[in-house]
Structure formats: C-alpha cells, structure tokens
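*Asks:* Mind looking over this structure? Questions follow.
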There are 2 protein chains.
Amino acid sequence: MKNKASESFKALQDSICRDLEALDGLAHFEEDIWQRSGGGGGRTRVIQNGDVIEKGGVNFSSVYGEINDLMQKKLNMPKGEFYAAGISIVLHPKNPHMSIIHMNLRYFELNNKNSWFGGGIDVTPHYINNAEAKFFHKLLKETCDQFDSNYYPDFKKWADDYFYIPHRKETRGIGGIFFDNLSENDQFTLDQRLEFVKGIGNIFIPTYSYLVSNNKERSFNEQQKQWQLIRRGRYVEFNLIYDAGTKFGLESEGRIESILMSLPLQANWVYDFKPLPNSEEEKTLNSLKKNIDWIHEN
Amino acid sequence: MKNKASESFKALQDSICRDLEALDGLAHFEEDIWQRSGGGGGRTRVIQNGDVIEKGGVNFSSVYGEINDLMQKKLNMPKGEFYAAGISIVLHPKNPHMSIIHMNLRYFELNNKNSWFGGGIDVTPHYINNAEAKFFHKLLKETCDQFDSNYYPDFKKWADDYFYIPHRKETRGIGGIFFDNLSENDQFTLDQRLEFVKGIGNIFIPTYSYLVSNNKERSFNEQQKQWQLIRRGRYVEFNLIYDAGTKFGLESEGRIESILMSLPLQANWVYDFKPLPNSEEEKTLNSLKKNIDWIHEN
C-alpha cells in the first residue's frame, strides 16, 4: 500500500498542478526536489504572482524512518518506525473575493503494522458567499455519500472542530471535512479507503474552478484588500499555533520552506481591528461559527 | 511584594511611554484597560503609525486566580493559585535600519508561597550593526555587574538559547539577556531581586534612544523594506510557535489583542528567499548565531 498510496498522491499532484496552471493562466509551478536526512523526501511545487494565485504550493512528500525524541514528546508518538506519504495544498489568491483553499491527504504506517489514511479539505473565504459554501459542501456530501452516509456529517463536524482558532473564538472559514485513522476494518479494505481519499482529491479542481469563475473578474478596493491581509493574519495564527501538519513537519525535521509554503506572501495585524457595523466584513466575521448547515443556509 | 512589584511595573510603563512619545515625536499611545474573567486585568498601551515606530505596545498586566486545566497541561503548572504581574514591550520600527526591540519583566507567585522574578530584553536588527550591538551588550553587562558578575554571562547565554528559532537554525537577533526563577536566597532578598529587575527596565530607553539617534534619518530603498518584511515573518514565527509569554497569555485566557500586539503591522513570506552573496542581508543572516561576544566583536 505504501507504493500504491504514494503513486496515487504523485499522480494527483501532477494533475492538480496542470489544471491549476490552466485555471490561473499566467504563473507556472516551480519544482524543488528534496531529501530528508532521516529518510525519504519530497517534491515541492510552488506557484507565485499568478493572475489568480498570489502564492501557493502543491506539495508531495514521502518520509520515513525512526520516530525521534521530539516526535515522541511533542506528537505523542510511540517508539519505532514510521512511514508517511501525502499531498498538501494551500493557495492564497490575489483577489480578496476569492477564497483561500487547503487540502491534505495522507497515508501513515507505524512499525509496518498499523496503517491508515487521513486528510481534509477546507475553504477560507475573506468574504463568505453562501452560494459558494453550498456548492462546496454539496460536492463534499455527494462524494462522501458514495462511500458511507455517516462520512459527511461526521467529517464535517470534525472539520468544524479542527479548523478552529480557539483564542479568536472563530472558525478558520466555512470548514469542509477532516478525517483521520481510516484503517482497514469489517466494512472497508485499505484499498477502499484509498478510493475514498482519491475521491476527495478529485473534488479539489471542480471546487477551485467554480470559485475562480465566480470571482476572477470581480474588482476590489483598497479597504477590501486590507481586510484580506488581516484575515490572512488569522490563517498564519492557525497554521503556526494549531495546525497538526505544520507541527508534524517541524518535529519530524521536514524541509522548512516546503512546510511553511502555507503562509501567505503578506499578512497584516492591525491592533484591535473591528469591522464596521453591518458591513460585509462584519457579516463574514459573524458567520465564522461551528455547526452551520451550509447546504441549507440561504 | 505583589503590590510593590506591580506598582514598579506600572511606574515603568508610565515613564517608558512618556519617553517613547518624545523619541517618536509624532504618534501617541492609546490605552485600553481590560479585565480578565478569571481574575485581574491589564493596561494595554499601543502606538501605531509613528515617525519611528510603525506599531508597538507597552503593556502592563496583573492577573491571578486558579490555575486552569490548560495551564496545567500545556504549561506544566501545578494545581493551585497563581499571581503574575509584568510589563511587556515590543516595538516594530518603520525604518529597516532600525531594530525591533522587546522587553519583558515579570513577578510570579504560586500558591502564595513560591515567588520569583523573571524577564528579558533582546534586540532584533533587520541589519546587524556591530557598534549598536556592542553598545547594547555593554550597557547590559554594566547593569548586571552591579548585582552579580555571573549575571551577564549566564543571562546572555540564556537569551541565546531562548530567543532562538530552531526550525530556521537562526537566533532571533543579537540576543540580550533572559532570566527566570530569581527567588529569595542566601545572597539576595526579594527586594534586591526587584531592584535588579528595575535596573534592567532602566536600560530600555537609553538603548532605544541610541538606536533612534543612529538610524532615524537614514534613508532606505524598496529592497531593504522587503528584507525587513521577511525578517518580520521570522519574528511572527518565533512569537507564535515558541514564545513563552504568548503561550502563557493564550493558555491563561488573557486579552488576545494585548498578547498579540507583539505582531508587526505587516509581515511577508517569500518562498525560499535567499539573500544575494556578500550582501548586507547575507552578512546579517550569517551573524544570527549563538555565543557571539558582541562586546568584543569588531
């Protein structure tokens, strides 16, 4: 399965990069191949200064080796050997009407016996658009329902809890799905788990394509750009304080520039910034809550 | 001592704010008084868009109450009651030739029996200037030596280890001093510990004043500004991932905007940025190392 999962993630990286270049129409990915001293390495692909994408990465990595002291202490991992392969994507758009999007899909093995899939995809609008949120969540539900009717409700709730910034009492955006520990059981083989993960991977481009076509031509003003930069500050706070993938990358001594490609080109922190009453900014802020049924929200 | 320490920190806040307004010459501090639901509160003073200071804060807080579950789990604190009073300063300058400066001084009590002082002051230049580093470290050494000749070497080493960004393998800047757990012992009373802490507090304005007079009128170009924004990204990484004061603030449920006043108005992350060979930027990067004897460095 190591090989099968890893090849699937690489193929997904190839097709997503190709489609994103077509959608952006201007910028191209640069590739950096890297090796990890403890074992394994990755294929980092970063895109910058595009027509749609200001900065983003579509990274593949496959790392393995001994579980070091930091991983045991900080990530609560047991002693032994690990293998982790995955694809990680974060795209920060130029236009504040366009959303930030993130997806991660991964396969994990511990001591060559426990193995499981995990992953997640979530959308972080600077301005929440209910029609877009509905489109995205419907697509997620339809895909999840092909495998198990509990997946969408369970994994949506998991995303609400995971993509949350406790110190701000805000969700990161409109959520999506998050799942982990999908191992072989009575109901599913590991091959079927991989099919599910690939199914989620195939949602990425239709979602991004829909968001691009909705927003690419929309104009924006200086004040909307400022709001985007402040929202990006929240994204930085989440990624550096809470994100499990960032923590795993840092503690397992992955390549720093690949791990931190998730950070935006620019982020701002204005002391005690509060949006104007009844503004679009305030409306978005008021919707950064858990447990919103985006499919039926008007 | 609670009252004595707390009044000293407030008096220091007053005098530092007054002197900084005079040094800046343009901007004024805004004050926000806040209460902490678990007990205590603070007096946050933030300055923005000055002639020298782009964004900064000089905060006093005095918080107390029960040690909550998060503090026990994440900060390794015992069950019981705590009291913490302190002053925290971070100033981000407009001009990239000017340094970022940070100081924190604090008094802590556990269960009304263990009590100690802690603190630190460090300077983060965007461009290291050896004469400035020497001035600052000499002032630190002279002040420390009035109390104990081991203080400067011990606390400088502590600062090198504390103000360090492991994932970048870089110190945050030219260091300074860091100390903790200065409790009553055979050599010093708690009052003498307070006198030391006040002595360090009195270094702040002479240091900042010297840096301002050296750099206020220096011109800078777009490329130097870009470098400043990238270095600020490192400051954000340190503060959100490693800084103990930020962690304490978040876990003890302090006021978020007061805790995160340490973040700059704007920070940038350019993928895999590398300074040009032999540039001033590369020289600075090469000096972000532990164990440099700044007093005798030429």
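Numbering starts fresh at 1 for the residues of each chain in the structure tokens, the chains themselves are lettered A, B, ... in the order given, and ligands are numbered from 1 as they appear.
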Please find the residues of chain B near chain A - the criterion being any atom within 6 Å, counting only C-alpha atoms - and write them as number ranges by chain.
*Replies:* B: 240-241, 257, 265-270, 272
*Asks:* Name all residues at most 10 Å from stretch 145-156 of chain A (count only C-alpha atoms; drop same-chain ones fewer than 5 positions away) and give them as a list of chain:residue names.
*Replies:*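 In the requested format, the answer is A:Gly119, A:Gly120, A:Ile121, A:Asp122, A:His137, A:Lys138, A:Leu139, A:Leu140, A:Asp161, A:Tyr162, A:Gly175, A:Gly176, A:Ile177, A:Phe178, A:Phe179, A:Asp180, A:Gln187, A:Phe188, A:Gln192, A:Arg193, A:Glu195, A:Phe196, A:Gly199, A:Lys290, A:Asn291, A:Ile292, A:Asp293.
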*Asks:* Could you write those residues out with N, CA, C and O atoms, as a tab-separated table (two decimals), in the first residue's frame?
*Replies:*
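Once written, again03.tsv looks like this:
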```tsv
chain	number	residue	atom	x	y	z
A	119	GLY	N	-6.94	13.00	6.23
A	119	GLY	CA	-6.96	14.12	5.31
A	119	GLY	C	-7.99	15.16	5.65
A	119	GLY	O	-8.67	15.08	6.69
A	120	GLY	N	-8.10	16.13	4.77
A	120	GLY	CA	-9.08	17.18	4.99
A	120	GLY	C	-9.02	18.18	3.85
A	120	GLY	O	-8.03	18.27	3.12
A	121	ILE	N	-10.10	18.87	3.67
A	121	ILE	CA	-10.15	19.97	2.70
A	121	ILE	C	-11.03	21.05	3.31
A	121	ILE	O	-12.09	20.73	3.86
A	122	ASP	N	-10.56	22.28	3.28
A	122	ASP	CA	-11.40	23.37	3.82
A	122	ASP	C	-11.16	24.65	3.04
A	122	ASP	O	-10.10	24.86	2.45
A	137	HIS	N	-19.96	22.36	-0.10
A	137	HIS	CA	-20.42	21.36	0.86
A	137	HIS	C	-21.30	20.29	0.19
A	137	HIS	O	-21.28	19.13	0.61
A	138	LYS	N	-22.06	20.69	-0.84
A	138	LYS	CA	-22.86	19.69	-1.57
A	138	LYS	C	-21.95	18.68	-2.27
A	138	LYS	O	-22.20	17.47	-2.27
A	139	LEU	N	-20.90	19.20	-2.89
A	139	LEU	CA	-19.95	18.35	-3.59
A	139	LEU	C	-19.29	17.38	-2.59
A	139	LEU	O	-19.10	16.19	-2.88
A	140	LEU	N	-18.94	17.90	-1.42
A	140	LEU	CA	-18.34	17.06	-0.39
A	140	LEU	C	-19.32	15.96	0.04
A	140	LEU	O	-18.97	14.79	0.15
A	161	ASP	N	-14.41	21.36	14.23
A	161	ASP	CA	-13.62	21.34	15.47
A	161	ASP	C	-12.13	21.54	15.21
A	161	ASP	O	-11.43	22.15	16.02
A	162	TYR	N	-11.66	21.00	14.08
A	162	TYR	CA	-10.23	21.07	13.80
A	162	TYR	C	-9.81	22.45	13.26
A	162	TYR	O	-8.84	23.04	13.73
A	175	GLY	N	-15.17	25.79	6.78
A	175	GLY	CA	-14.93	24.38	7.05
A	175	GLY	C	-14.88	23.54	5.80
A	175	GLY	O	-14.45	24.00	4.74
A	176	GLY	N	-15.31	22.30	5.94
A	176	GLY	CA	-15.20	21.32	4.86
A	176	GLY	C	-15.30	19.96	5.52
A	176	GLY	O	-16.23	19.71	6.29
A	177	ILE	N	-14.31	19.11	5.27
A	177	ILE	CA	-14.25	17.84	6.01
A	177	ILE	C	-12.84	17.61	6.53
A	177	ILE	O	-11.86	18.10	5.97
A	178	PHE	N	-12.76	16.84	7.60
A	178	PHE	CA	-11.48	16.41	8.18
A	178	PHE	C	-11.68	14.99	8.67
A	178	PHE	O	-12.74	14.67	9.23
A	179	PHE	N	-10.71	14.11	8.44
A	179	PHE	CA	-10.83	12.72	8.89
A	179	PHE	C	-9.44	12.16	9.16
A	179	PHE	O	-8.45	12.66	8.63
A	180	ASP	N	-9.39	11.14	10.01
A	180	ASP	CA	-8.10	10.54	10.35
A	180	ASP	C	-8.34	9.09	10.77
A	180	ASP	O	-9.49	8.69	11.02
A	187	GLN	N	-15.86	-3.21	7.52
A	187	GLN	CA	-16.63	-2.58	6.45
A	187	GLN	C	-15.79	-2.24	5.22
A	187	GLN	O	-16.26	-2.36	4.09
A	188	PHE	N	-14.55	-1.79	5.44
A	188	PHE	CA	-13.72	-1.29	4.34
A	188	PHE	C	-12.33	-1.93	4.32
A	188	PHE	O	-11.69	-2.05	5.37
A	192	GLN	N	-10.20	0.27	-0.40
A	192	GLN	CA	-11.41	1.11	-0.45
A	192	GLN	C	-11.18	2.46	0.24
A	192	GLN	O	-11.71	3.48	-0.18
A	193	ARG	N	-10.39	2.44	1.29
A	193	ARG	CA	-10.03	3.70	1.96
A	193	ARG	C	-9.29	4.61	0.98
A	193	ARG	O	-9.55	5.82	0.92
A	195	GLU	N	-9.57	4.57	-2.24
A	195	GLU	CA	-10.52	5.08	-3.23
A	195	GLU	C	-11.27	6.30	-2.70
A	195	GLU	O	-11.53	7.26	-3.42
A	196	PHE	N	-11.65	6.25	-1.43
A	196	PHE	CA	-12.33	7.40	-0.82
A	196	PHE	C	-11.44	8.64	-0.85
A	196	PHE	O	-11.86	9.72	-1.27
A	199	GLY	N	-11.20	10.02	-4.15
A	199	GLY	CA	-12.47	10.70	-4.47
A	199	GLY	C	-12.48	12.13	-3.92
A	199	GLY	O	-12.91	13.07	-4.61
A	290	LYS	N	-19.01	27.32	14.24
A	290	LYS	CA	-19.18	25.89	14.02
A	290	LYS	C	-20.66	25.58	13.75
A	290	LYS	O	-21.54	26.36	14.11
A	291	ASN	N	-20.88	24.38	13.20
A	291	ASN	CA	-22.23	23.81	13.08
A	291	ASN	C	-23.19	24.60	12.21
A	291	ASN	O	-24.39	24.62	12.47
A	292	ILE	N	-22.67	25.27	11.19
A	292	ILE	CA	-23.59	25.89	10.23
A	292	ILE	C	-23.86	24.87	9.12
A	292	ILE	O	-22.94	24.25	8.60
A	293	ASP	N	-25.13	24.68	8.80
A	293	ASP	CA	-25.53	23.74	7.74
A	293	ASP	C	-25.48	24.50	6.41
A	293	ASP	O	-26.48	25.03	5.94
```
*Asks:* Mind checking which residues fall within 8 Å of stretch 1-9 of chain A, counting only C-alpha atoms, ignoring those fewer than 2 positions away in the same chain, and posting them as JSON, numbers by chain?
*Replies:* {"A": [11, 12, 13, 60, 62, 85, 86, 87, 105, 107, 190, 191, 194, 198]}
*Asks:* Would you output that residue set with C-alpha atoms, as an mmCIF file, in the first residue's frame?
*Replies:*
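Written file, part_4.cif:
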```
data_model
loop_
_atom_site.group_PDB
_atom_site.id
_atom_site.type_symbol
_atom_site.label_atom_id
_atom_site.label_comp_id
_atom_site.auth_asym_id
_atom_site.auth_seq_id
_atom_site.Cartn_x
_atom_site.Cartn_y
_atom_site.Cartn_z
ATOM 1 C CA ALA A 11 -0.465 11.413 -9.887
ATOM 2 C CA LEU A 12 -2.900 13.737 -8.100
ATOM 3 C CA GLN A 13 -0.141 16.320 -7.653
ATOM 4 C CA PHE A 60 4.068 15.790 -2.309
ATOM 5 C CA SER A 62 7.018 10.621 1.401
ATOM 6 C CA ALA A 85 3.171 9.936 2.364
ATOM 7 C CA GLY A 86 0.885 12.773 1.452
ATOM 8 C CA ILE A 87 -0.135 15.701 -0.662
ATOM 9 C CA LEU A 105 -4.423 13.738 2.024
ATOM 10 C CA TYR A 107 -1.217 7.680 4.318
ATOM 11 C CA LEU A 190 -7.429 -0.372 2.818
ATOM 12 C CA ASP A 191 -7.903 -0.242 -0.966
ATOM 13 C CA LEU A 194 -7.623 4.798 -0.766
ATOM 14 C CA LYS A 198 -8.799 9.750 -4.163
#
```
*Asks:* Would you give me, as a VMD selection string, the residues in stretch 30-254 of chain B that DSSP reads as alpha helix (DSSP H)?
*Replies:* chain B and resid 69 to 75 130 to 145 151 to 162 190 to 201 204 to 215 222 to 241 244 to 251
*Asks:* Where does DSSP see strand (DSSP E) in stretch 119-245 of chain A, if you list the residues as a ChimeraX atom specification?
*Replies:* /A:119-124,164-165,170-171,176-182
*Asks:* So which one's closest to A:Gly25, A:Ile53, A:Ile200, A:Ile259, A:Ile128? Using only C-alpha atoms, please.
*Replies:*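 The shortest atom-to-atom distance to A:Gly25 comes from A:Ile53.
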*Asks:* If we count only C-alpha atoms and set the cut-off at 12 Å, which residues sit around B:Phe136, ignoring sequence neighbours fewer than 3 positions away in its own chain? Please answer as a ChimeraX atom specification.
*Replies:* /B:99,101,121-125,129-133,139-143,156,174-177,200,203-211,293-295
*Asks:* Can you work out the spacing between atom CA of A:Leu20 and atom CA of A:Leu285 in Å, to one decimal?
*Replies:*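 Separation between atom CA of A:Leu20 and atom CA of A:Leu285: 28.9 Å.
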*Asks:* Need the shell around stretch 275-277 of chain A: protein/DNA/RNA residues with any atom at most 12 Å away, counting only C-alpha atoms. Skip same-chain ones fewer than 2 positions apart. Format as an MDAnalysis selection string?
*Replies:* chainID A and resid 223:224 226:227 230:231 270 272:273 279:286
*Asks:* Include C-alpha atoms and write out the residues we just selected as a PDB file, in the first residue's frame.
*Replies:*
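Result saved to selection_37.pdb:
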```pdb
ATOM      1  CA  GLN A 223     -10.273  48.543   2.036  1.00  0.00           C
ATOM      2  CA  GLN A 224     -11.220  45.036   0.827  1.00  0.00           C
ATOM      3  CA  GLN A 226      -6.774  45.408   3.813  1.00  0.00           C
ATOM      4  CA  TRP A 227      -9.431  43.048   5.158  1.00  0.00           C
ATOM      5  CA  ILE A 230      -5.993  40.879   8.216  1.00  0.00           C
ATOM      6  CA  ARG A 231      -7.793  37.582   7.537  1.00  0.00           C
ATOM      7  CA  VAL A 270      -3.832  45.939  12.893  1.00  0.00           C
ATOM      8  CA  ASP A 272      -7.852  45.645  17.749  1.00  0.00           C
ATOM      9  CA  PHE A 273      -9.323  45.945  14.246  1.00  0.00           C
ATOM     10  CA  SER A 279     -20.536  45.740   6.781  1.00  0.00           C
ATOM     11  CA  GLU A 280     -19.733  42.736   4.576  1.00  0.00           C
ATOM     12  CA  GLU A 281     -16.669  42.199   6.769  1.00  0.00           C
ATOM     13  CA  GLU A 282     -18.787  42.027   9.914  1.00  0.00           C
ATOM     14  CA  LYS A 283     -21.237  39.628   8.229  1.00  0.00           C
ATOM     15  CA  THR A 284     -18.381  37.263   7.401  1.00  0.00           C
ATOM     16  CA  LEU A 285     -16.995  37.505  10.936  1.00  0.00           C
ATOM     17  CA  ASN A 286     -20.414  36.635  12.355  1.00  0.00           C
TER      18      ASN A 286
END
```
